[in-house]
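> The structure under discussion is supplied below as structure tokens; questions concerning it will follow.
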Amino acid sequence: MYVLAVDPGRGKCGIAIVSLDTVAVKRVVERESLLAEMGRLLAQYGVNQIVLGDGTGSGQVLREIGERFPQCVVHVVDEHLTTEEARKEYWRDNKPRGWRRLLPISMQVPPEPYDDYVAVILARRFLEIGRESEA
């Protein structure tokens with residue numbers, strides 16, 4: 001089962017299509033194009049569950065999702081510490097090069113947005129909770 005996860009923001013948002021063992025899509029989109037991109041992904045992957053982080057801008061995004069995609073169930077997930085987790089995952093996938101290799105990763109901020117990594121983490125949190133409740 002795939003879920004569509006969103007890390008909402010004011011200027012940009014992370015978006016991902018995730019199952020327990022697969023990250024099918026992850027990208028950063030401009031806030032203005034979020035709903036259009038969500039619509040494409042929901043249709044392409046046949047998803048009917050949306051995972052939304054409870055951080056910046058989540059209230060407005062939640063209202064917009066409810067209006068635009070009433071057929072979907074929206075699950076709001078706690079974003080606590082997701083930025084730190086996402087930063088670690090970003091550096092695991094994108095090893096520092098050049099002078100960045102000399103600095104500890106804990107002191108670095110990725111050179112590009114990594115909100116997509118946050119969306120993946122939100123999806124995994126939701127899916128893990130579902131797995132635990134089934135056990």
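Chain labels run A, B, ... following the order of the structure tokens; each chain numbers its residues from 1, and ligands are numbered from 1 in the order shown.
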List the neighbours of stretch 53-63 of chain A out to 7 Å using only C-alpha atoms; skip same-chain residues closer than 6 positions along the sequence, and give me the result as a PDB file with all heavy atoms, in the first residue's frame.


```pdb
ATOM      1  N   VAL A   6       3.282  14.521   2.577  1.00  0.00           N
ATOM      2  CA  VAL A   6       3.569  15.920   2.290  1.00  0.00           C
ATOM      3  C   VAL A   6       4.196  16.572   3.516  1.00  0.00           C
ATOM      4  O   VAL A   6       3.666  16.486   4.622  1.00  0.00           O
ATOM      5  CB  VAL A   6       2.271  16.691   1.922  1.00  0.00           C
ATOM      6  CG1 VAL A   6       2.567  18.162   1.679  1.00  0.00           C
ATOM      7  CG2 VAL A   6       1.598  16.069   0.717  1.00  0.00           C
ATOM      8  N   ASP A   7       5.330  17.207   3.279  1.00  0.00           N
ATOM      9  CA  ASP A   7       5.935  18.085   4.280  1.00  0.00           C
ATOM     10  C   ASP A   7       5.558  19.502   3.852  1.00  0.00           C
ATOM     11  O   ASP A   7       6.155  20.046   2.924  1.00  0.00           O
ATOM     12  CB  ASP A   7       7.455  17.914   4.305  1.00  0.00           C
ATOM     13  CG  ASP A   7       8.125  18.932   5.213  1.00  0.00           C
ATOM     14  OD1 ASP A   7       7.517  19.331   6.229  1.00  0.00           O
ATOM     15  OD2 ASP A   7       9.250  19.358   4.884  1.00  0.00           O
ATOM     16  N   PRO A   8       4.541  20.099   4.486  1.00  0.00           N
ATOM     17  CA  PRO A   8       4.073  21.404   4.024  1.00  0.00           C
ATOM     18  C   PRO A   8       5.037  22.526   4.407  1.00  0.00           C
ATOM     19  O   PRO A   8       5.761  22.432   5.395  1.00  0.00           O
ATOM     20  CB  PRO A   8       2.738  21.567   4.746  1.00  0.00           C
ATOM     21  CG  PRO A   8       2.902  20.784   6.009  1.00  0.00           C
ATOM     22  CD  PRO A   8       3.804  19.625   5.645  1.00  0.00           C
ATOM     23  N   GLY A   9       5.006  23.555   3.606  1.00  0.00           N
ATOM     24  CA  GLY A   9       5.822  24.731   3.880  1.00  0.00           C
ATOM     25  C   GLY A   9       5.191  25.939   3.225  1.00  0.00           C
ATOM     26  O   GLY A   9       4.206  25.825   2.503  1.00  0.00           O
ATOM     27  N   ARG A  10       5.761  27.095   3.464  1.00  0.00           N
ATOM     28  CA  ARG A  10       5.210  28.316   2.867  1.00  0.00           C
ATOM     29  C   ARG A  10       5.659  28.502   1.422  1.00  0.00           C
ATOM     30  O   ARG A  10       4.868  28.836   0.564  1.00  0.00           O
ATOM     31  CB  ARG A  10       5.616  29.521   3.699  1.00  0.00           C
ATOM     32  CG  ARG A  10       4.899  29.573   5.020  1.00  0.00           C
ATOM     33  CD  ARG A  10       5.056  30.917   5.706  1.00  0.00           C
ATOM     34  NE  ARG A  10       4.299  30.921   6.947  1.00  0.00           N
ATOM     35  CZ  ARG A  10       4.787  30.605   8.117  1.00  0.00           C
ATOM     36  NH1 ARG A  10       6.042  30.245   8.237  1.00  0.00           N
ATOM     37  NH2 ARG A  10       4.031  30.634   9.190  1.00  0.00           N
ATOM     38  N   VAL A  76      -2.652  13.306   9.899  1.00  0.00           N
ATOM     39  CA  VAL A  76      -1.679  14.316  10.307  1.00  0.00           C
ATOM     40  C   VAL A  76      -0.679  13.650  11.242  1.00  0.00           C
ATOM     41  O   VAL A  76      -1.058  12.975  12.199  1.00  0.00           O
ATOM     42  CB  VAL A  76      -2.376  15.515  10.989  1.00  0.00           C
ATOM     43  CG1 VAL A  76      -1.361  16.543  11.438  1.00  0.00           C
ATOM     44  CG2 VAL A  76      -3.388  16.144  10.021  1.00  0.00           C
ATOM     45  N   VAL A  77       0.618  13.841  10.932  1.00  0.00           N
ATOM     46  CA  VAL A  77       1.693  13.173  11.657  1.00  0.00           C
ATOM     47  C   VAL A  77       2.621  14.215  12.288  1.00  0.00           C
ATOM     48  O   VAL A  77       2.913  15.249  11.678  1.00  0.00           O
ATOM     49  CB  VAL A  77       2.495  12.258  10.691  1.00  0.00           C
ATOM     50  CG1 VAL A  77       3.687  11.626  11.374  1.00  0.00           C
ATOM     51  CG2 VAL A  77       1.592  11.197  10.103  1.00  0.00           C
ATOM     52  N   ASP A  78       3.073  13.923  13.471  1.00  0.00           N
ATOM     53  CA  ASP A  78       4.003  14.790  14.201  1.00  0.00           C
ATOM     54  C   ASP A  78       5.325  14.914  13.457  1.00  0.00           C
ATOM     55  O   ASP A  78       5.925  13.911  13.070  1.00  0.00           O
ATOM     56  CB  ASP A  78       4.237  14.189  15.589  1.00  0.00           C
ATOM     57  CG  ASP A  78       5.177  14.996  16.459  1.00  0.00           C
ATOM     58  OD1 ASP A  78       5.426  16.185  16.157  1.00  0.00           O
ATOM     59  OD2 ASP A  78       5.649  14.440  17.472  1.00  0.00           O
ATOM     60  N   GLU A  79       5.768  16.155  13.250  1.00  0.00           N
ATOM     61  CA  GLU A  79       7.028  16.392  12.538  1.00  0.00           C
ATOM     62  C   GLU A  79       8.237  16.526  13.462  1.00  0.00           C
ATOM     63  O   GLU A  79       9.335  16.806  12.987  1.00  0.00           O
ATOM     64  CB  GLU A  79       6.923  17.691  11.717  1.00  0.00           C
ATOM     65  CG  GLU A  79       6.140  17.570  10.457  1.00  0.00           C
ATOM     66  CD  GLU A  79       6.344  18.772   9.551  1.00  0.00           C
ATOM     67  OE1 GLU A  79       7.433  19.378   9.561  1.00  0.00           O
ATOM     68  OE2 GLU A  79       5.400  19.104   8.828  1.00  0.00           O
ATOM     69  N   LEU A 122       7.987  11.181   7.266  1.00  0.00           N
ATOM     70  CA  LEU A 122       6.604  11.255   7.740  1.00  0.00           C
ATOM     71  C   LEU A 122       5.818  10.022   7.306  1.00  0.00           C
ATOM     72  O   LEU A 122       5.072   9.445   8.092  1.00  0.00           O
ATOM     73  CB  LEU A 122       5.931  12.530   7.216  1.00  0.00           C
ATOM     74  CG  LEU A 122       6.472  13.843   7.770  1.00  0.00           C
ATOM     75  CD1 LEU A 122       5.916  15.024   6.971  1.00  0.00           C
ATOM     76  CD2 LEU A 122       6.157  13.985   9.245  1.00  0.00           C
TER      77      LEU A 122
END
```

> Taking the chain letters and numbering used in this document, name the residues of chain A that DSSP puts in strand (DSSP E or B), as a ChimeraX atom specification.

/A:3-7,12-18,23-30,49-53,73-77

> Please indicate the distance in Å from atom CA of A:Leu4 to atom CA of A:Val23, rounded to one decimal place.

10.3 Å

> Could you give me, as a PyMOL selection string, each residue of stretch 2-135 of chain A that DSSP assigns to helix (DSSP H, G or I) when run on this structure's backbone?

chain A and resi 31-45+58-68+82-93+98-102+105-107+115-134

> Rounded to one decimal in Å, what is the spacing between atom CA of A:Val3 and atom CA of A:Val28?

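Pair atom CA of A:Val3 / atom CA of A:Val28 returns 16.5 Å.
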
> Within 9 Å of A:Val47, counting only C-alpha atoms, which residues show up once you throw out same-chain ones fewer than 5 positions away? Write them as a list of chain:residue names, please.

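Near neighbours after the sequence-gap exclusion: A:Met1, A:Tyr2, A:Val3, A:Leu4, A:Ile17, A:Leu41, A:Leu42, A:Cys72.
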
> Would you mind exporting the chosen residues as a PDB file, in the first residue's frame, restricted to all heavy atoms?


```
ATOM      1  N   MET A   1       0.842  -1.174   0.000  1.00  0.00           N
ATOM      2  CA  MET A   1       0.000   0.000   0.000  1.00  0.00           C
ATOM      3  C   MET A   1       0.893   1.246   0.000  1.00  0.00           C
ATOM      4  O   MET A   1       1.772   1.388   0.823  1.00  0.00           O
ATOM      5  CB  MET A   1      -0.891  -0.013   1.233  1.00  0.00           C
ATOM      6  CG  MET A   1      -1.544   1.335   1.498  1.00  0.00           C
ATOM      7  SD  MET A   1      -2.449   1.436   3.038  1.00  0.00           S
ATOM      8  CE  MET A   1      -1.149   1.846   4.180  1.00  0.00           C
ATOM      9  N   TYR A   2       0.643   2.119  -0.936  1.00  0.00           N
ATOM     10  CA  TYR A   2       1.345   3.398  -0.985  1.00  0.00           C
ATOM     11  C   TYR A   2       0.551   4.469  -0.264  1.00  0.00           C
ATOM     12  O   TYR A   2      -0.678   4.429  -0.232  1.00  0.00           O
ATOM     13  CB  TYR A   2       1.510   3.862  -2.435  1.00  0.00           C
ATOM     14  CG  TYR A   2       2.587   3.156  -3.208  1.00  0.00           C
ATOM     15  CD1 TYR A   2       2.260   2.301  -4.249  1.00  0.00           C
ATOM     16  CD2 TYR A   2       3.932   3.367  -2.915  1.00  0.00           C
ATOM     17  CE1 TYR A   2       3.247   1.668  -4.981  1.00  0.00           C
ATOM     18  CE2 TYR A   2       4.924   2.730  -3.640  1.00  0.00           C
ATOM     19  CZ  TYR A   2       4.573   1.885  -4.671  1.00  0.00           C
ATOM     20  OH  TYR A   2       5.554   1.257  -5.385  1.00  0.00           O
ATOM     21  N   VAL A   3       1.282   5.432   0.298  1.00  0.00           N
ATOM     22  CA  VAL A   3       0.685   6.662   0.815  1.00  0.00           C
ATOM     23  C   VAL A   3       1.397   7.824   0.144  1.00  0.00           C
ATOM     24  O   VAL A   3       2.542   7.701  -0.290  1.00  0.00           O
ATOM     25  CB  VAL A   3       0.786   6.781   2.357  1.00  0.00           C
ATOM     26  CG1 VAL A   3       0.028   5.667   3.048  1.00  0.00           C
ATOM     27  CG2 VAL A   3       2.233   6.814   2.828  1.00  0.00           C
ATOM     28  N   LEU A   4       0.700   8.936   0.050  1.00  0.00           N
ATOM     29  CA  LEU A   4       1.316  10.158  -0.446  1.00  0.00           C
ATOM     30  C   LEU A   4       1.606  11.013   0.780  1.00  0.00           C
ATOM     31  O   LEU A   4       0.692  11.311   1.553  1.00  0.00           O
ATOM     32  CB  LEU A   4       0.371  10.895  -1.394  1.00  0.00           C
ATOM     33  CG  LEU A   4       0.974  12.123  -2.059  1.00  0.00           C
ATOM     34  CD1 LEU A   4       0.354  12.319  -3.436  1.00  0.00           C
ATOM     35  CD2 LEU A   4       0.762  13.378  -1.241  1.00  0.00           C
ATOM     36  N   ILE A  17       5.816   9.468  -2.526  1.00  0.00           N
ATOM     37  CA  ILE A  17       4.953   8.288  -2.601  1.00  0.00           C
ATOM     38  C   ILE A  17       5.768   7.155  -1.999  1.00  0.00           C
ATOM     39  O   ILE A  17       6.846   6.815  -2.496  1.00  0.00           O
ATOM     40  CB  ILE A  17       4.574   7.954  -4.058  1.00  0.00           C
ATOM     41  CG1 ILE A  17       3.750   9.063  -4.688  1.00  0.00           C
ATOM     42  CG2 ILE A  17       3.859   6.612  -4.132  1.00  0.00           C
ATOM     43  CD1 ILE A  17       2.317   9.155  -4.202  1.00  0.00           C
ATOM     44  N   LEU A  41       0.046  12.552  -8.829  1.00  0.00           N
ATOM     45  CA  LEU A  41       0.580  11.370  -8.142  1.00  0.00           C
ATOM     46  C   LEU A  41      -0.524  10.477  -7.583  1.00  0.00           C
ATOM     47  O   LEU A  41      -0.419   9.247  -7.639  1.00  0.00           O
ATOM     48  CB  LEU A  41       1.546  11.797  -7.037  1.00  0.00           C
ATOM     49  CG  LEU A  41       2.847  12.436  -7.521  1.00  0.00           C
ATOM     50  CD1 LEU A  41       3.640  12.998  -6.353  1.00  0.00           C
ATOM     51  CD2 LEU A  41       3.680  11.449  -8.318  1.00  0.00           C
ATOM     52  N   LEU A  42      -1.577  11.078  -7.043  1.00  0.00           N
ATOM     53  CA  LEU A  42      -2.696  10.287  -6.533  1.00  0.00           C
ATOM     54  C   LEU A  42      -3.297   9.439  -7.649  1.00  0.00           C
ATOM     55  O   LEU A  42      -3.586   8.256  -7.463  1.00  0.00           O
ATOM     56  CB  LEU A  42      -3.768  11.199  -5.926  1.00  0.00           C
ATOM     57  CG  LEU A  42      -3.419  11.872  -4.605  1.00  0.00           C
ATOM     58  CD1 LEU A  42      -4.441  12.946  -4.266  1.00  0.00           C
ATOM     59  CD2 LEU A  42      -3.310  10.861  -3.473  1.00  0.00           C
ATOM     60  N   CYS A  72      -9.960  11.219  -0.327  1.00  0.00           N
ATOM     61  CA  CYS A  72      -8.774  10.728   0.385  1.00  0.00           C
ATOM     62  C   CYS A  72      -8.910  10.907   1.891  1.00  0.00           C
ATOM     63  O   CYS A  72      -9.519  11.858   2.373  1.00  0.00           O
ATOM     64  CB  CYS A  72      -7.526  11.474  -0.091  1.00  0.00           C
ATOM     65  SG  CYS A  72      -7.071  11.105  -1.781  1.00  0.00           S
TER      66      CYS A  72
END
```

> Show which residues sit within 9 Å of stretch 124-126 of chain A, as a list in words. Count only C-alpha atoms, and ignore same-chain residues fewer than 4 positions away.

Val18, Ser19, Leu20, Val51, His75, Val76, Val77, Asp78, Ala119, Val120, Gly130 and Arg131 of chain A

> Based on the selection just made, write all heavy atoms of those residues as a CSV table (one decimal), in the first residue's frame.


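And here is the file that came out, again_4.csv:
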```csv
chain,number,residue,atom,x,y,z
A,18,VAL,N,5.2,6.6,-0.9
A,18,VAL,CA,6.0,5.6,-0.1
A,18,VAL,C,5.2,4.4,0.3
A,18,VAL,O,4.0,4.6,0.6
A,18,VAL,CB,6.6,6.3,1.2
A,18,VAL,CG1,7.4,5.4,2.0
A,18,VAL,CG2,7.4,7.6,0.8
A,19,SER,N,5.8,3.2,0.3
A,19,SER,CA,5.2,2.0,0.9
A,19,SER,C,6.1,1.6,2.0
A,19,SER,O,7.2,2.2,2.2
A,19,SER,CB,5.0,0.9,-0.1
A,19,SER,OG,6.2,0.4,-0.5
A,20,LEU,N,5.8,0.5,2.6
A,20,LEU,CA,6.7,0.1,3.7
A,20,LEU,C,8.1,-0.2,3.2
A,20,LEU,O,9.1,0.0,4.0
A,20,LEU,CB,6.2,-1.2,4.4
A,20,LEU,CG,5.1,-1.0,5.4
A,20,LEU,CD1,4.5,-2.3,5.8
A,20,LEU,CD2,5.7,-0.3,6.6
A,51,VAL,N,-0.5,11.5,4.0
A,51,VAL,CA,0.1,11.7,5.3
A,51,VAL,C,0.6,13.2,5.2
A,51,VAL,O,1.4,13.5,4.3
A,51,VAL,CB,1.3,10.8,5.5
A,51,VAL,CG1,2.0,11.1,6.8
A,51,VAL,CG2,0.8,9.3,5.5
A,75,HIS,N,-4.1,11.8,7.2
A,75,HIS,CA,-3.5,11.5,8.5
A,75,HIS,C,-2.5,12.6,8.8
A,75,HIS,O,-1.5,12.7,8.1
A,75,HIS,CB,-2.9,10.1,8.5
A,75,HIS,CG,-3.7,9.1,8.0
A,75,HIS,ND1,-4.6,8.4,8.8
A,75,HIS,CD2,-3.9,8.5,6.7
A,75,HIS,CE1,-5.3,7.5,8.0
A,75,HIS,NE2,-4.8,7.6,6.8
A,76,VAL,N,-2.7,13.3,9.9
A,76,VAL,CA,-1.7,14.3,10.3
A,76,VAL,C,-0.7,13.7,11.2
A,76,VAL,O,-1.1,13.0,12.2
A,76,VAL,CB,-2.4,15.5,11.0
A,76,VAL,CG1,-1.4,16.5,11.4
A,76,VAL,CG2,-3.4,16.1,10.0
A,77,VAL,N,0.6,13.8,10.9
A,77,VAL,CA,1.7,13.2,11.7
A,77,VAL,C,2.6,14.2,12.3
A,77,VAL,O,2.9,15.2,11.7
A,77,VAL,CB,2.5,12.3,10.7
A,77,VAL,CG1,3.7,11.6,11.4
A,77,VAL,CG2,1.6,11.2,10.1
A,78,ASP,N,3.1,13.9,13.5
A,78,ASP,CA,4.0,14.8,14.2
A,78,ASP,C,5.3,14.9,13.5
A,78,ASP,O,5.9,13.9,13.1
A,78,ASP,CB,4.2,14.2,15.6
A,78,ASP,CG,5.2,15.0,16.5
A,78,ASP,OD1,5.4,16.2,16.2
A,78,ASP,OD2,5.6,14.4,17.5
A,119,ALA,N,9.3,14.3,3.9
A,119,ALA,CA,8.1,13.7,3.5
A,119,ALA,C,8.2,12.2,3.6
A,119,ALA,O,7.3,11.5,4.1
A,119,ALA,CB,7.7,14.1,2.1
A,120,VAL,N,9.3,11.6,3.2
A,120,VAL,CA,9.6,10.2,3.3
A,120,VAL,C,9.5,9.7,4.8
A,120,VAL,O,8.9,8.7,5.1
A,120,VAL,CB,10.9,9.8,2.6
A,120,VAL,CG1,11.3,8.3,2.9
A,120,VAL,CG2,10.8,10.0,1.1
A,130,GLY,N,1.0,2.0,11.7
A,130,GLY,CA,0.0,1.1,11.2
A,130,GLY,C,0.5,-0.4,11.3
A,130,GLY,O,-0.3,-1.3,11.7
A,131,ARG,N,1.7,-0.6,11.1
A,131,ARG,CA,2.3,-2.0,11.2
A,131,ARG,C,2.3,-2.4,12.6
A,131,ARG,O,1.9,-3.6,12.9
A,131,ARG,CB,3.7,-2.0,10.7
A,131,ARG,CG,4.3,-3.4,10.8
A,131,ARG,CD,5.8,-3.4,10.5
A,131,ARG,NE,6.1,-3.3,9.1
A,131,ARG,CZ,7.3,-3.3,8.6
A,131,ARG,NH1,8.4,-3.5,9.4
A,131,ARG,NH2,7.5,-3.2,7.3
```

> Which of these, A:Leu52, A:Gly98, A:Val109, A:Arg68, has the shortest distance to A:Ala123 once you count only C-alpha atoms?

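When distances to A:Ala123 are compared using only C-alpha atoms, the smallest one comes from A:Leu52.
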
> Hey, what's within 12 Å of A:Gln108 if we count only C-alpha atoms and toss same-chain stuff fewer than 3 positions away? As a list of chain:residue names, please?

A:Glu84, A:Arg87, A:Lys88, A:Tyr90, A:Trp91, A:Lys95, A:Pro96, A:Trp99, A:Arg100, A:Arg101, A:Leu102, A:Leu103, A:Pro104, A:Ile105, A:Pro111, A:Glu112

> Could the residues in this selection be written to a file with N, CA, C and O atoms, as an mmCIF file, in the first residue's frame?


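The file below, out-v1.cif, is the result:
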```
data_model
loop_
_atom_site.group_PDB
_atom_site.id
_atom_site.type_symbol
_atom_site.label_atom_id
_atom_site.label_comp_id
_atom_site.auth_asym_id
_atom_site.auth_seq_id
_atom_site.Cartn_x
_atom_site.Cartn_y
_atom_site.Cartn_z
ATOM 1 N N GLU A 84 16.111 17.077 11.386
ATOM 2 C CA GLU A 84 17.405 16.510 11.735
ATOM 3 C C GLU A 84 17.583 15.128 11.111
ATOM 4 O O GLU A 84 18.647 14.803 10.586
ATOM 5 N N ARG A 87 18.142 15.496 7.359
ATOM 6 C CA ARG A 87 19.494 15.969 7.054
ATOM 7 C C ARG A 87 20.475 14.803 7.055
ATOM 8 O O ARG A 87 21.311 14.676 6.157
ATOM 9 N N LYS A 88 20.357 13.928 8.037
ATOM 10 C CA LYS A 88 21.241 12.755 8.096
ATOM 11 C C LYS A 88 21.032 11.853 6.887
ATOM 12 O O LYS A 88 22.005 11.369 6.296
ATOM 13 N N TYR A 90 19.859 12.735 3.966
ATOM 14 C CA TYR A 90 20.362 13.436 2.783
ATOM 15 C C TYR A 90 21.865 13.193 2.636
ATOM 16 O O TYR A 90 22.344 12.843 1.567
ATOM 17 N N TRP A 91 22.619 13.385 3.723
ATOM 18 C CA TRP A 91 24.076 13.215 3.646
ATOM 19 C C TRP A 91 24.475 11.758 3.445
ATOM 20 O O TRP A 91 25.505 11.468 2.854
ATOM 21 N N LYS A 95 26.958 11.912 -0.352
ATOM 22 C CA LYS A 95 28.203 12.087 0.409
ATOM 23 C C LYS A 95 28.845 13.439 0.094
ATOM 24 O O LYS A 95 28.900 13.841 -1.072
ATOM 25 N N PRO A 96 29.317 14.132 1.133
ATOM 26 C CA PRO A 96 29.988 15.417 0.895
ATOM 27 C C PRO A 96 31.216 15.246 -0.003
ATOM 28 O O PRO A 96 31.924 14.249 0.079
ATOM 29 N N TRP A 99 35.617 20.396 -0.284
ATOM 30 C CA TRP A 99 35.890 20.929 1.059
ATOM 31 C C TRP A 99 34.877 20.453 2.086
ATOM 32 O O TRP A 99 35.179 20.390 3.277
ATOM 33 N N ARG A 100 33.676 20.073 1.656
ATOM 34 C CA ARG A 100 32.643 19.613 2.593
ATOM 35 C C ARG A 100 33.065 18.319 3.309
ATOM 36 O O ARG A 100 32.585 18.035 4.402
ATOM 37 N N ARG A 101 33.953 17.541 2.683
ATOM 38 C CA ARG A 101 34.415 16.301 3.323
ATOM 39 C C ARG A 101 35.193 16.595 4.601
ATOM 40 O O ARG A 101 35.320 15.742 5.465
ATOM 41 N N LEU A 102 35.726 17.806 4.714
ATOM 42 C CA LEU A 102 36.558 18.161 5.858
ATOM 43 C C LEU A 102 35.754 18.553 7.095
ATOM 44 O O LEU A 102 36.286 18.546 8.203
ATOM 45 N N LEU A 103 34.506 18.926 6.909
ATOM 46 C CA LEU A 103 33.658 19.356 8.023
ATOM 47 C C LEU A 103 32.795 18.202 8.525
ATOM 48 O O LEU A 103 32.312 17.405 7.717
ATOM 49 N N PRO A 104 32.566 18.138 9.833
ATOM 50 C CA PRO A 104 31.635 17.120 10.336
ATOM 51 C C PRO A 104 30.244 17.355 9.732
ATOM 52 O O PRO A 104 29.791 18.494 9.618
ATOM 53 N N ILE A 105 29.587 16.294 9.363
ATOM 54 C CA ILE A 105 28.263 16.402 8.756
ATOM 55 C C ILE A 105 27.290 17.105 9.697
ATOM 56 O O ILE A 105 26.409 17.834 9.257
ATOM 57 N N PRO A 111 23.214 21.605 0.579
ATOM 58 C CA PRO A 111 23.256 22.732 -0.345
ATOM 59 C C PRO A 111 21.986 22.893 -1.184
ATOM 60 O O PRO A 111 21.902 23.803 -1.996
ATOM 61 N N GLU A 112 21.020 22.007 -0.997
ATOM 62 C CA GLU A 112 19.760 22.080 -1.736
ATOM 63 C C GLU A 112 18.625 21.701 -0.792
ATOM 64 O O GLU A 112 18.867 21.079 0.251
#
```

> Given only C-alpha atoms as the basis, pick out the residue of A:Gln71, A:Asp116, A:His80, A:Ile129 nearest to A:Val29.

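Answer, going by the shortest atom-to-atom distance: A:Asp116.
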
> Please measure the separation of atom CA of A:Tyr45 and atom CA of A:Glu85, giving the value in Å to one decimal.

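Going from atom CA of A:Tyr45 over to atom CA of A:Glu85, I get 26.3 Å.
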
> Please determine, counting only C-alpha atoms, which residue among A:Ser106, A:Val118, A:Asp21, A:Ile15 has the shortest atom-to-atom distance to A:Leu81.

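Among A:Ser106, A:Val118, A:Asp21, A:Ile15, it is A:Val118 that comes nearest to A:Leu81.
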